[in-house]
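Dumped data06.txt below, it's compact mmCIF, N, CA and C atoms:
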# COMPACT_ATOMS: atom_id res chain seq x y z
N MET A 421 0.86 -1.17 0.00
CA MET A 421 0.00 0.00 0.00
C MET A 421 0.90 1.23 0.00
N ALA A 422 0.54 2.22 -0.80
CA ALA A 422 1.33 3.43 -0.91
C ALA A 422 1.25 4.25 0.38
N GLU A 423 2.31 4.99 0.65
CA GLU A 423 2.37 5.80 1.87
C GLU A 423 1.18 6.75 1.97
N ARG A 424 0.82 7.41 0.87
CA ARG A 424 -0.30 8.36 0.89
C ARG A 424 -1.60 7.65 1.26
N ASP A 425 -1.80 6.41 0.74
CA ASP A 425 -2.99 5.64 1.08
C ASP A 425 -3.01 5.30 2.57
N LEU A 426 -1.85 4.98 3.13
CA LEU A 426 -1.76 4.70 4.56
C LEU A 426 -2.13 5.93 5.37
N VAL A 427 -1.66 7.09 4.93
CA VAL A 427 -1.96 8.33 5.64
C VAL A 427 -3.45 8.61 5.58
N GLU A 428 -4.06 8.46 4.42
CA GLU A 428 -5.49 8.72 4.30
C GLU A 428 -6.29 7.73 5.13
N GLN A 429 -5.89 6.46 5.13
CA GLN A 429 -6.57 5.45 5.94
C GLN A 429 -6.43 5.79 7.43
N ALA A 430 -5.24 6.15 7.84
CA ALA A 430 -4.99 6.47 9.25
C ALA A 430 -5.75 7.71 9.68
N ALA A 431 -5.95 8.65 8.76
CA ALA A 431 -6.61 9.90 9.09
C ALA A 431 -8.11 9.75 9.24
N GLU A 432 -8.66 8.59 8.89
CA GLU A 432 -10.08 8.37 9.11
C GLU A 432 -10.35 8.53 10.60
N GLY A 433 -11.39 9.26 10.91
CA GLY A 433 -11.73 9.51 12.30
C GLY A 433 -11.08 10.76 12.87
N VAL A 434 -10.18 11.39 12.10
CA VAL A 434 -9.60 12.66 12.54
C VAL A 434 -10.70 13.71 12.42
N GLU A 435 -10.93 14.43 13.49
CA GLU A 435 -12.01 15.40 13.56
C GLU A 435 -11.79 16.60 12.65
N ASP A 436 -10.55 17.03 12.52
CA ASP A 436 -10.22 18.20 11.70
C ASP A 436 -9.17 17.79 10.67
N PRO A 437 -9.61 17.27 9.52
CA PRO A 437 -8.66 16.80 8.51
C PRO A 437 -7.69 17.89 8.03
N ALA A 438 -8.13 19.14 8.03
CA ALA A 438 -7.23 20.22 7.60
C ALA A 438 -6.04 20.34 8.54
N ALA A 439 -6.27 20.16 9.83
CA ALA A 439 -5.16 20.21 10.79
C ALA A 439 -4.20 19.05 10.55
N PHE A 440 -4.76 17.86 10.26
CA PHE A 440 -3.89 16.72 9.99
C PHE A 440 -3.10 16.93 8.71
N ARG A 441 -3.72 17.50 7.68
CA ARG A 441 -2.98 17.80 6.44
C ARG A 441 -1.85 18.78 6.71
N GLU A 442 -2.09 19.72 7.61
CA GLU A 442 -1.03 20.67 7.99
C GLU A 442 0.11 19.93 8.69
N ALA A 443 -0.22 18.96 9.54
CA ALA A 443 0.82 18.15 10.19
C ALA A 443 1.61 17.39 9.13
N CYS A 444 0.93 16.92 8.09
CA CYS A 444 1.62 16.23 6.99
C CYS A 444 2.57 17.18 6.29
N ALA A 445 2.16 18.44 6.12
CA ALA A 445 3.02 19.42 5.47
C ALA A 445 4.25 19.72 6.32
N VAL A 446 4.08 19.72 7.63
CA VAL A 446 5.18 20.03 8.54
C VAL A 446 6.12 18.83 8.70
N PHE A 447 5.56 17.65 8.95
CA PHE A 447 6.36 16.47 9.28
C PHE A 447 6.59 15.53 8.09
N GLY A 448 5.92 15.81 6.97
CA GLY A 448 5.91 14.86 5.87
C GLY A 448 4.85 13.81 6.16
N ASP A 449 4.40 13.12 5.13
CA ASP A 449 3.34 12.13 5.34
C ASP A 449 3.76 11.04 6.32
N ALA A 450 4.95 10.51 6.14
CA ALA A 450 5.42 9.43 7.02
C ALA A 450 5.55 9.92 8.46
N GLY A 451 6.07 11.12 8.63
CA GLY A 451 6.23 11.67 9.98
C GLY A 451 4.90 11.91 10.66
N ALA A 452 3.94 12.49 9.92
CA ALA A 452 2.62 12.75 10.50
C ALA A 452 1.92 11.44 10.84
N LEU A 453 2.05 10.45 9.98
CA LEU A 453 1.45 9.16 10.25
C LEU A 453 2.07 8.53 11.50
N ALA A 454 3.38 8.62 11.61
CA ALA A 454 4.05 8.07 12.81
C ALA A 454 3.58 8.79 14.06
N HIS A 455 3.45 10.12 13.99
CA HIS A 455 2.96 10.89 15.15
C HIS A 455 1.53 10.47 15.50
N LEU A 456 0.68 10.30 14.48
CA LEU A 456 -0.70 9.91 14.73
C LEU A 456 -0.77 8.52 15.35
N GLN A 457 0.00 7.58 14.82
CA GLN A 457 -0.01 6.22 15.37
C GLN A 457 0.48 6.21 16.82
N THR A 458 1.55 6.94 17.08
CA THR A 458 2.07 7.01 18.45
C THR A 458 1.07 7.68 19.38
N PHE A 459 0.45 8.76 18.91
CA PHE A 459 -0.55 9.47 19.70
C PHE A 459 -1.70 8.54 20.08
N ARG A 460 -2.21 7.80 19.11
CA ARG A 460 -3.32 6.91 19.38
C ARG A 460 -2.91 5.78 20.33
N ALA A 461 -1.72 5.26 20.17
CA ALA A 461 -1.23 4.22 21.09
C ALA A 461 -1.09 4.80 22.50
N ASP A 462 -0.58 6.01 22.61
CA ASP A 462 -0.45 6.66 23.93
C ASP A 462 -1.81 6.88 24.56
N LEU A 463 -2.80 7.26 23.75
CA LEU A 463 -4.16 7.44 24.28
C LEU A 463 -4.70 6.12 24.83
N ARG A 464 -4.51 5.05 24.07
CA ARG A 464 -5.00 3.75 24.54
C ARG A 464 -4.31 3.35 25.85
N THR A 465 -3.03 3.63 25.96
CA THR A 465 -2.31 3.34 27.21
C THR A 465 -2.85 4.17 28.36
N SER A 466 -3.05 5.46 28.11
CA SER A 466 -3.59 6.34 29.16
C SER A 466 -4.99 5.90 29.58
N LEU A 467 -5.83 5.57 28.60
CA LEU A 467 -7.18 5.11 28.93
C LEU A 467 -7.13 3.85 29.79
N SER A 468 -6.23 2.96 29.45
CA SER A 468 -6.08 1.73 30.23
C SER A 468 -5.63 2.03 31.66
N ARG A 469 -4.64 2.89 31.78
CA ARG A 469 -4.14 3.24 33.12
C ARG A 469 -5.21 3.93 33.95
N ILE A 470 -5.98 4.83 33.33
CA ILE A 470 -7.05 5.51 34.04
C ILE A 470 -8.11 4.50 34.46
N GLY A 471 -8.46 3.59 33.56
CA GLY A 471 -9.45 2.57 33.87
C GLY A 471 -9.05 1.68 35.03
N ARG A 472 -7.75 1.44 35.18
CA ARG A 472 -7.25 0.61 36.29
C ARG A 472 -6.99 1.44 37.55
N GLY A 473 -7.17 2.75 37.46
CA GLY A 473 -6.87 3.60 38.61
C GLY A 473 -5.39 3.72 38.87
N ALA A 474 -4.59 3.54 37.82
CA ALA A 474 -3.14 3.49 37.97
C ALA A 474 -2.45 4.81 37.62
N MET A 475 -3.19 5.91 37.67
CA MET A 475 -2.57 7.19 37.34
C MET A 475 -2.82 8.16 38.49
N ASP A 476 -1.74 8.63 39.11
CA ASP A 476 -1.88 9.59 40.20
C ASP A 476 -2.17 10.98 39.62
N THR A 477 -2.51 11.92 40.48
CA THR A 477 -2.91 13.26 40.04
C THR A 477 -1.82 13.98 39.25
N PRO A 478 -0.57 14.00 39.70
CA PRO A 478 0.45 14.68 38.89
C PRO A 478 0.62 14.04 37.50
N SER A 479 0.55 12.72 37.43
CA SER A 479 0.67 12.04 36.14
C SER A 479 -0.52 12.36 35.25
N LEU A 480 -1.70 12.42 35.84
CA LEU A 480 -2.91 12.74 35.09
C LEU A 480 -2.83 14.16 34.52
N ARG A 481 -2.34 15.08 35.33
CA ARG A 481 -2.21 16.47 34.86
C ARG A 481 -1.17 16.57 33.74
N GLU A 482 -0.06 15.89 33.85
CA GLU A 482 0.96 15.88 32.81
C GLU A 482 0.42 15.26 31.53
N MET A 483 -0.32 14.17 31.67
CA MET A 483 -0.93 13.52 30.51
C MET A 483 -1.90 14.46 29.80
N ALA A 484 -2.71 15.17 30.57
CA ALA A 484 -3.67 16.12 29.99
C ALA A 484 -2.94 17.24 29.26
N HIS A 485 -1.87 17.74 29.86
CA HIS A 485 -1.08 18.81 29.24
C HIS A 485 -0.48 18.35 27.92
N ARG A 486 0.14 17.19 27.93
CA ARG A 486 0.76 16.64 26.70
C ARG A 486 -0.29 16.39 25.62
N THR A 487 -1.41 15.84 26.04
CA THR A 487 -2.46 15.50 25.09
C THR A 487 -3.07 16.73 24.45
N ALA A 488 -3.21 17.81 25.19
CA ALA A 488 -3.82 19.03 24.65
C ALA A 488 -3.11 19.51 23.39
N GLY A 489 -1.81 19.62 23.45
CA GLY A 489 -1.05 20.10 22.30
C GLY A 489 -1.02 19.11 21.16
N ARG A 490 -0.81 17.87 21.47
CA ARG A 490 -0.73 16.85 20.42
C ARG A 490 -2.08 16.67 19.73
N ALA A 491 -3.16 16.71 20.49
CA ALA A 491 -4.49 16.53 19.91
C ALA A 491 -4.80 17.65 18.93
N GLY A 492 -4.50 18.87 19.31
CA GLY A 492 -4.75 20.00 18.41
C GLY A 492 -3.93 19.90 17.13
N LEU A 493 -2.68 19.55 17.27
CA LEU A 493 -1.78 19.43 16.12
C LEU A 493 -2.24 18.36 15.14
N LEU A 494 -2.76 17.26 15.65
CA LEU A 494 -3.11 16.12 14.81
C LEU A 494 -4.58 16.11 14.36
N GLY A 495 -5.36 17.12 14.74
CA GLY A 495 -6.71 17.23 14.22
C GLY A 495 -7.83 16.75 15.13
N PHE A 496 -7.61 16.84 16.44
CA PHE A 496 -8.63 16.44 17.40
C PHE A 496 -8.94 17.61 18.35
N PRO A 497 -9.61 18.66 17.85
CA PRO A 497 -9.85 19.84 18.69
C PRO A 497 -10.73 19.58 19.90
N ALA A 498 -11.69 18.67 19.80
CA ALA A 498 -12.53 18.38 20.97
C ALA A 498 -11.71 17.74 22.08
N LEU A 499 -10.79 16.86 21.72
CA LEU A 499 -9.90 16.25 22.71
C LEU A 499 -8.92 17.28 23.26
N ALA A 500 -8.43 18.17 22.41
CA ALA A 500 -7.52 19.23 22.87
C ALA A 500 -8.23 20.09 23.92
N ASP A 501 -9.48 20.44 23.63
CA ASP A 501 -10.26 21.25 24.57
C ASP A 501 -10.54 20.49 25.86
N ALA A 502 -10.93 19.22 25.74
CA ALA A 502 -11.19 18.41 26.94
C ALA A 502 -9.93 18.26 27.77
N SER A 503 -8.78 18.14 27.10
CA SER A 503 -7.50 18.00 27.82
C SER A 503 -7.16 19.28 28.58
N ALA A 504 -7.37 20.43 27.93
CA ALA A 504 -7.11 21.71 28.60
C ALA A 504 -8.03 21.89 29.81
N HIS A 505 -9.29 21.50 29.65
CA HIS A 505 -10.22 21.60 30.78
C HIS A 505 -9.84 20.65 31.91
N LEU A 506 -9.39 19.45 31.57
CA LEU A 506 -8.96 18.51 32.60
C LEU A 506 -7.75 19.05 33.34
N GLU A 507 -6.80 19.58 32.61
CA GLU A 507 -5.61 20.15 33.25
C GLU A 507 -6.00 21.27 34.21
N GLU A 508 -6.91 22.13 33.78
CA GLU A 508 -7.36 23.24 34.62
C GLU A 508 -8.15 22.73 35.83
N ALA A 509 -8.99 21.73 35.63
CA ALA A 509 -9.76 21.17 36.74
C ALA A 509 -8.83 20.58 37.80
N ILE A 510 -7.79 19.92 37.35
CA ILE A 510 -6.82 19.35 38.30
C ILE A 510 -6.08 20.48 39.02
N ARG A 511 -5.68 21.49 38.26
CA ARG A 511 -4.95 22.61 38.86
C ARG A 511 -5.77 23.30 39.95
N THR A 512 -7.08 23.48 39.69
CA THR A 512 -7.94 24.19 40.64
C THR A 512 -8.66 23.25 41.60
N ASN A 513 -8.51 21.93 41.37
CA ASN A 513 -9.19 20.92 42.18
C ASN A 513 -10.70 21.15 42.19
N ALA A 514 -11.25 21.42 41.01
CA ALA A 514 -12.69 21.66 40.89
C ALA A 514 -13.22 20.98 39.62
N GLY A 515 -14.18 20.10 39.80
CA GLY A 515 -14.81 19.45 38.67
C GLY A 515 -13.95 18.42 37.97
N VAL A 516 -13.03 17.81 38.70
CA VAL A 516 -12.09 16.87 38.10
C VAL A 516 -12.82 15.65 37.52
N ARG A 517 -13.77 15.09 38.25
CA ARG A 517 -14.46 13.88 37.78
C ARG A 517 -15.18 14.16 36.46
N ILE A 518 -15.88 15.29 36.38
CA ILE A 518 -16.62 15.65 35.15
C ILE A 518 -15.63 15.86 34.00
N ALA A 519 -14.55 16.57 34.27
CA ALA A 519 -13.55 16.83 33.24
C ALA A 519 -12.87 15.53 32.78
N LEU A 520 -12.61 14.63 33.71
CA LEU A 520 -11.99 13.36 33.35
C LEU A 520 -12.95 12.50 32.53
N ASP A 521 -14.22 12.50 32.88
CA ASP A 521 -15.20 11.75 32.09
C ASP A 521 -15.28 12.29 30.67
N ARG A 522 -15.27 13.59 30.53
CA ARG A 522 -15.31 14.21 29.19
C ARG A 522 -14.03 13.86 28.42
N TRP A 523 -12.88 13.98 29.09
CA TRP A 523 -11.61 13.63 28.44
C TRP A 523 -11.63 12.18 27.97
N THR A 524 -12.13 11.30 28.82
CA THR A 524 -12.15 9.88 28.50
C THR A 524 -13.00 9.61 27.26
N ARG A 525 -14.18 10.23 27.18
CA ARG A 525 -15.03 10.04 26.00
C ARG A 525 -14.33 10.51 24.73
N GLN A 526 -13.70 11.69 24.79
CA GLN A 526 -13.02 12.23 23.61
C GLN A 526 -11.79 11.39 23.26
N ALA A 527 -11.08 10.92 24.25
CA ALA A 527 -9.89 10.10 24.00
C ALA A 527 -10.27 8.77 23.36
N GLN A 528 -11.38 8.19 23.79
CA GLN A 528 -11.83 6.94 23.20
C GLN A 528 -12.14 7.11 21.72
N VAL A 529 -12.78 8.22 21.37
CA VAL A 529 -13.09 8.50 19.97
C VAL A 529 -11.81 8.66 19.16
N ALA A 530 -10.88 9.43 19.66
CA ALA A 530 -9.62 9.68 18.94
C ALA A 530 -8.77 8.42 18.83
N ALA A 531 -8.77 7.59 19.86
CA ALA A 531 -7.91 6.41 19.88
C ALA A 531 -8.41 5.31 18.95
N GLN A 532 -9.70 5.22 18.76
CA GLN A 532 -10.22 4.08 18.01
C GLN A 532 -9.99 4.18 16.51
N GLY A 533 -9.82 5.35 15.97
CA GLY A 533 -9.65 5.49 14.52
C GLY A 533 -8.48 4.74 13.96
N GLY A 534 -7.43 4.59 14.73
CA GLY A 534 -6.23 3.93 14.20
C GLY A 534 -5.92 2.62 14.87
N ALA A 535 -6.90 2.00 15.47
CA ALA A 535 -6.64 0.77 16.23
C ALA A 535 -6.07 -0.34 15.36
N ASP A 536 -6.45 -0.37 14.08
CA ASP A 536 -5.94 -1.44 13.24
C ASP A 536 -5.10 -0.89 12.09
N GLU A 537 -4.45 0.24 12.32
CA GLU A 537 -3.58 0.81 11.30
C GLU A 537 -2.40 -0.11 11.06
N PRO A 538 -2.06 -0.32 9.82
CA PRO A 538 -0.82 -1.08 9.58
C PRO A 538 0.38 -0.23 9.93
N PRO A 539 1.45 -0.83 10.40
CA PRO A 539 2.65 -0.05 10.72
C PRO A 539 3.24 0.53 9.44
N LEU A 540 3.81 1.69 9.56
CA LEU A 540 4.47 2.34 8.42
C LEU A 540 5.79 1.63 8.17
N GLU A 541 6.02 1.25 6.93
CA GLU A 541 7.28 0.59 6.58
C GLU A 541 8.36 1.64 6.43
N SER A 542 9.53 1.34 6.95
CA SER A 542 10.64 2.28 6.87
C SER A 542 11.31 2.19 5.53
Final structure tokens representation of the file:
Amino acid sequence: MAERDLVEQAAEGVEDPAAFREACAVFGDAGALAHLQTFRADLRTSLSRIGRGAMDTPSLREMAHRTAGRAGLLGFPALADASAHLEEAIRTNAGVRIALDRWTRQAQVAAQGGADEPPLES
């Protein structure tokens, strides 16, 4: 399968395709695809850790901070927004459960698009 086809397949489920195309322009198709695959894998790991209760508050805040920027860059503005709200909720210790539930829903949507992406060949 051609690299461009892999990128288009992987981009299915991206909320803002224009943002992902911009990431392709910045990182190249292979680079953007690698970032997207890594991002989705990281989301699945974070969701698993949260589900097991294996993430302490500082780790959760760091995860939210990291996710906010990466989500926006790769075309997931709703997740970027939910991540920023989660980070703020943790910082102020107000509404954390609601913010985490919202983050979790958005992360599940973003993570599932690439669950069966083929690895990019080097």
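Residues lying within 9 Å of Gln528 in chain A, counting only C-alpha atoms and ignoring same-chain neighbours fewer than 5 positions away, are Leu463, Arg464, Leu467 and Trp523 of chain A.
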From the set A:Ala500, A:Ala488, A:Leu493, A:Ala461, which residue has the shortest atom-to-atom contact distance to Glu442 in chain A, counting all atoms listed in the file?
A:Leu493
Using all atoms listed in the file: which of A:Leu506, A:Leu494, A:His485, A:Ile470 has the shortest distance to Asp436 in chain A
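So, comparing all the options, the nearest one is A:Leu494.
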Do you have the CA of Arg522 in chain A-CA of Ala443 in chain A distance handy?
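These two atoms are separated by 25.2 Å.
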Atom pair atom C of Ala450 in chain A + atom N of Arg469 in chain A, distance 26.4 Å
Suppose you want the space between atom C of Thr458 in chain A and CA of Ala514 in chain A; what is it in Å?
29.1 Å
Could you tell me which of A:Thr487, A:Glu508, A:Phe496, A:Ala439 comes closest to Ala530 in chain A if we count all atoms listed in the file?
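Using all atoms listed in the file, the shortest distance to Ala530 in chain A belongs to A:Phe496.
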What's the 8 Å shell around Arg460 in chain A, counting only N, CA and C atoms, without same-chain residues fewer than 2 positions away, as an NGL selection string?
:A and (454-458 or 462-466 or 530-535)
Please dump the current selection as a compact mmCIF listing (two decimals), in the frame of the given file; keep N, CA and C atoms.
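Saved result, part.txt, follows:
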# COMPACT_ATOMS: atom_id res chain seq x y z
N ALA A 454 3.38 8.62 11.61
CA ALA A 454 4.05 8.07 12.81
C ALA A 454 3.58 8.79 14.06
N HIS A 455 3.45 10.12 13.99
CA HIS A 455 2.96 10.89 15.15
C HIS A 455 1.53 10.47 15.50
N LEU A 456 0.68 10.30 14.48
CA LEU A 456 -0.70 9.91 14.73
C LEU A 456 -0.77 8.52 15.35
N GLN A 457 0.00 7.58 14.82
CA GLN A 457 -0.01 6.22 15.37
C GLN A 457 0.48 6.21 16.82
N THR A 458 1.55 6.94 17.08
CA THR A 458 2.07 7.01 18.45
C THR A 458 1.07 7.68 19.38
N ASP A 462 -0.58 6.01 22.61
CA ASP A 462 -0.45 6.66 23.93
C ASP A 462 -1.81 6.88 24.56
N LEU A 463 -2.80 7.26 23.75
CA LEU A 463 -4.16 7.44 24.28
C LEU A 463 -4.70 6.12 24.83
N ARG A 464 -4.51 5.05 24.07
CA ARG A 464 -5.00 3.75 24.54
C ARG A 464 -4.31 3.35 25.85
N THR A 465 -3.03 3.63 25.96
CA THR A 465 -2.31 3.34 27.21
C THR A 465 -2.85 4.17 28.36
N SER A 466 -3.05 5.46 28.11
CA SER A 466 -3.59 6.34 29.16
C SER A 466 -4.99 5.90 29.58
N ALA A 530 -10.88 9.43 19.66
CA ALA A 530 -9.62 9.68 18.94
C ALA A 530 -8.77 8.42 18.83
N ALA A 531 -8.77 7.59 19.86
CA ALA A 531 -7.91 6.41 19.88
C ALA A 531 -8.41 5.31 18.95
N GLN A 532 -9.70 5.22 18.76
CA GLN A 532 -10.22 4.08 18.01
C GLN A 532 -9.99 4.18 16.51
N GLY A 533 -9.82 5.35 15.97
CA GLY A 533 -9.65 5.49 14.52
C GLY A 533 -8.48 4.74 13.96
N GLY A 534 -7.43 4.59 14.73
CA GLY A 534 -6.23 3.93 14.20
C GLY A 534 -5.92 2.62 14.87
N ALA A 535 -6.90 2.00 15.47
CA ALA A 535 -6.64 0.77 16.23
C ALA A 535 -6.07 -0.34 15.36
If you run DSSP on the backbone here, which positions in chain A get helix (DSSP H, G or I)? Please write them as a count of residues only.
94
Would you mind telling me which residue in A:Leu453, A:Ala509, A:Ala498, A:Val516 lies nearest to Glu435 in chain A when using all atoms listed in the file?
A:Ala498
Choose the residue, out of A:Arg490, A:Arg481, A:Ala527, A:Gly495, that has the smallest atom-to-atom separation from Glu507 in chain A; count only N, CA and C atoms.
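Going through A:Arg490, A:Arg481, A:Ala527, A:Gly495 one by one, the smallest distance to Glu507 in chain A is for A:Arg481.
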Which residue out of A:Ala484, A:Arg525, A:Ser468, A:Gly433 has the minimum interatomic distance to His505 in chain A when only N, CA and C atoms are used?
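The closest residue to His505 in chain A is A:Ala484.
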With 3 Å of padding per side, what axis-aligned box (centre and edge lengths, Å, one decimal) covers all the listed atoms of range 456-465 of chain A? Give it as JSON.
{"center_x": -1.5, "center_y": 6.8, "center_z": 21.4, "size_x": 13.1, "size_y": 13.0, "size_z": 19.9}
If I only want range 459-532 of chain A, can you write it with C-alpha atoms, as a JSON list (two decimals), in the first residue's frame?
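Generated file (part31.json):
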[["chain", "number", "residue", "atom", "x", "y", "z"],
["A", 459, "PHE", "CA", -0.55, 9.47, 19.70],
["A", 460, "ARG", "CA", -3.32, 6.91, 19.38],
["A", 461, "ALA", "CA", -1.23, 4.22, 21.09],
["A", 462, "ASP", "CA", -0.45, 6.66, 23.93],
["A", 463, "LEU", "CA", -4.16, 7.44, 24.28],
["A", 464, "ARG", "CA", -5.00, 3.75, 24.54],
["A", 465, "THR", "CA", -2.31, 3.34, 27.21],
["A", 466, "SER", "CA", -3.59, 6.34, 29.16],
["A", 467, "LEU", "CA", -7.18, 5.11, 28.93],
["A", 468, "SER", "CA", -6.08, 1.73, 30.23],
["A", 469, "ARG", "CA", -4.14, 3.24, 33.12],
["A", 470, "ILE", "CA", -7.05, 5.51, 34.04],
["A", 471, "GLY", "CA", -9.45, 2.57, 33.87],
["A", 472, "ARG", "CA", -7.25, 0.61, 36.29],
["A", 473, "GLY", "CA", -6.87, 3.60, 38.61],
["A", 474, "ALA", "CA", -3.14, 3.49, 37.97],
["A", 475, "MET", "CA", -2.57, 7.19, 37.34],
["A", 476, "ASP", "CA", -1.88, 9.59, 40.20],
["A", 477, "THR", "CA", -2.91, 13.26, 40.04],
["A", 478, "PRO", "CA", 0.45, 14.68, 38.89],
["A", 479, "SER", "CA", 0.67, 12.04, 36.14],
["A", 480, "LEU", "CA", -2.91, 12.74, 35.09],
["A", 481, "ARG", "CA", -2.21, 16.47, 34.86],
["A", 482, "GLU", "CA", 0.96, 15.88, 32.81],
["A", 483, "MET", "CA", -0.93, 13.52, 30.51],
["A", 484, "ALA", "CA", -3.67, 16.12, 29.99],
["A", 485, "HIS", "CA", -1.08, 18.81, 29.24],
["A", 486, "ARG", "CA", 0.76, 16.64, 26.70],
["A", 487, "THR", "CA", -2.46, 15.50, 25.09],
["A", 488, "ALA", "CA", -3.82, 19.03, 24.65],
["A", 489, "GLY", "CA", -1.05, 20.10, 22.30],
["A", 490, "ARG", "CA", -0.73, 16.85, 20.42],
["A", 491, "ALA", "CA", -4.49, 16.53, 19.91],
["A", 492, "GLY", "CA", -4.75, 20.00, 18.41],
["A", 493, "LEU", "CA", -1.78, 19.43, 16.12],
["A", 494, "LEU", "CA", -3.11, 16.12, 14.81],
["A", 495, "GLY", "CA", -6.71, 17.23, 14.22],
["A", 496, "PHE", "CA", -8.63, 16.44, 17.40],
["A", 497, "PRO", "CA", -9.85, 19.84, 18.69],
["A", 498, "ALA", "CA", -12.53, 18.38, 20.97],
["A", 499, "LEU", "CA", -9.90, 16.25, 22.71],
["A", 500, "ALA", "CA", -7.52, 19.23, 22.87],
["A", 501, "ASP", "CA", -10.26, 21.25, 24.57],
["A", 502, "ALA", "CA", -11.19, 18.41, 26.94],
["A", 503, "SER", "CA", -7.50, 18.00, 27.82],
["A", 504, "ALA", "CA", -7.11, 21.71, 28.60],
["A", 505, "HIS", "CA", -10.22, 21.60, 30.78],
["A", 506, "LEU", "CA", -8.96, 18.51, 32.60],
["A", 507, "GLU", "CA", -5.61, 20.15, 33.25],
["A", 508, "GLU", "CA", -7.36, 23.24, 34.62],
["A", 509, "ALA", "CA", -9.76, 21.17, 36.74],
["A", 510, "ILE", "CA", -6.82, 19.35, 38.30],
["A", 511, "ARG", "CA", -4.95, 22.61, 38.86],
["A", 512, "THR", "CA", -7.94, 24.19, 40.64],
["A", 513, "ASN", "CA", -9.19, 20.92, 42.18],
["A", 514, "ALA", "CA", -12.69, 21.66, 40.89],
["A", 515, "GLY", "CA", -14.81, 19.45, 38.67],
["A", 516, "VAL", "CA", -12.09, 16.87, 38.10],
["A", 517, "ARG", "CA", -14.46, 13.88, 37.78],
["A", 518, "ILE", "CA", -16.62, 15.65, 35.15],
["A", 519, "ALA", "CA", -13.55, 16.83, 33.24],
["A", 520, "LEU", "CA", -11.99, 13.36, 33.35],
["A", 521, "ASP", "CA", -15.20, 11.75, 32.09],
["A", 522, "ARG", "CA", -15.31, 14.21, 29.19],
["A", 523, "TRP", "CA", -11.61, 13.63, 28.44],
["A", 524, "THR", "CA", -12.15, 9.88, 28.50],
["A", 525, "ARG", "CA", -15.03, 10.04, 26.00],
["A", 526, "GLN", "CA", -13.02, 12.23, 23.61],
["A", 527, "ALA", "CA", -9.89, 10.10, 24.00],
["A", 528, "GLN", "CA", -11.83, 6.94, 23.20],
["A", 529, "VAL", "CA", -13.09, 8.50, 19.97],
["A", 530, "ALA", "CA", -9.62, 9.68, 18.94],
["A", 531, "ALA", "CA", -7.91, 6.41, 19.88],
["A", 532, "GLN", "CA", -10.22, 4.08, 18.01]]
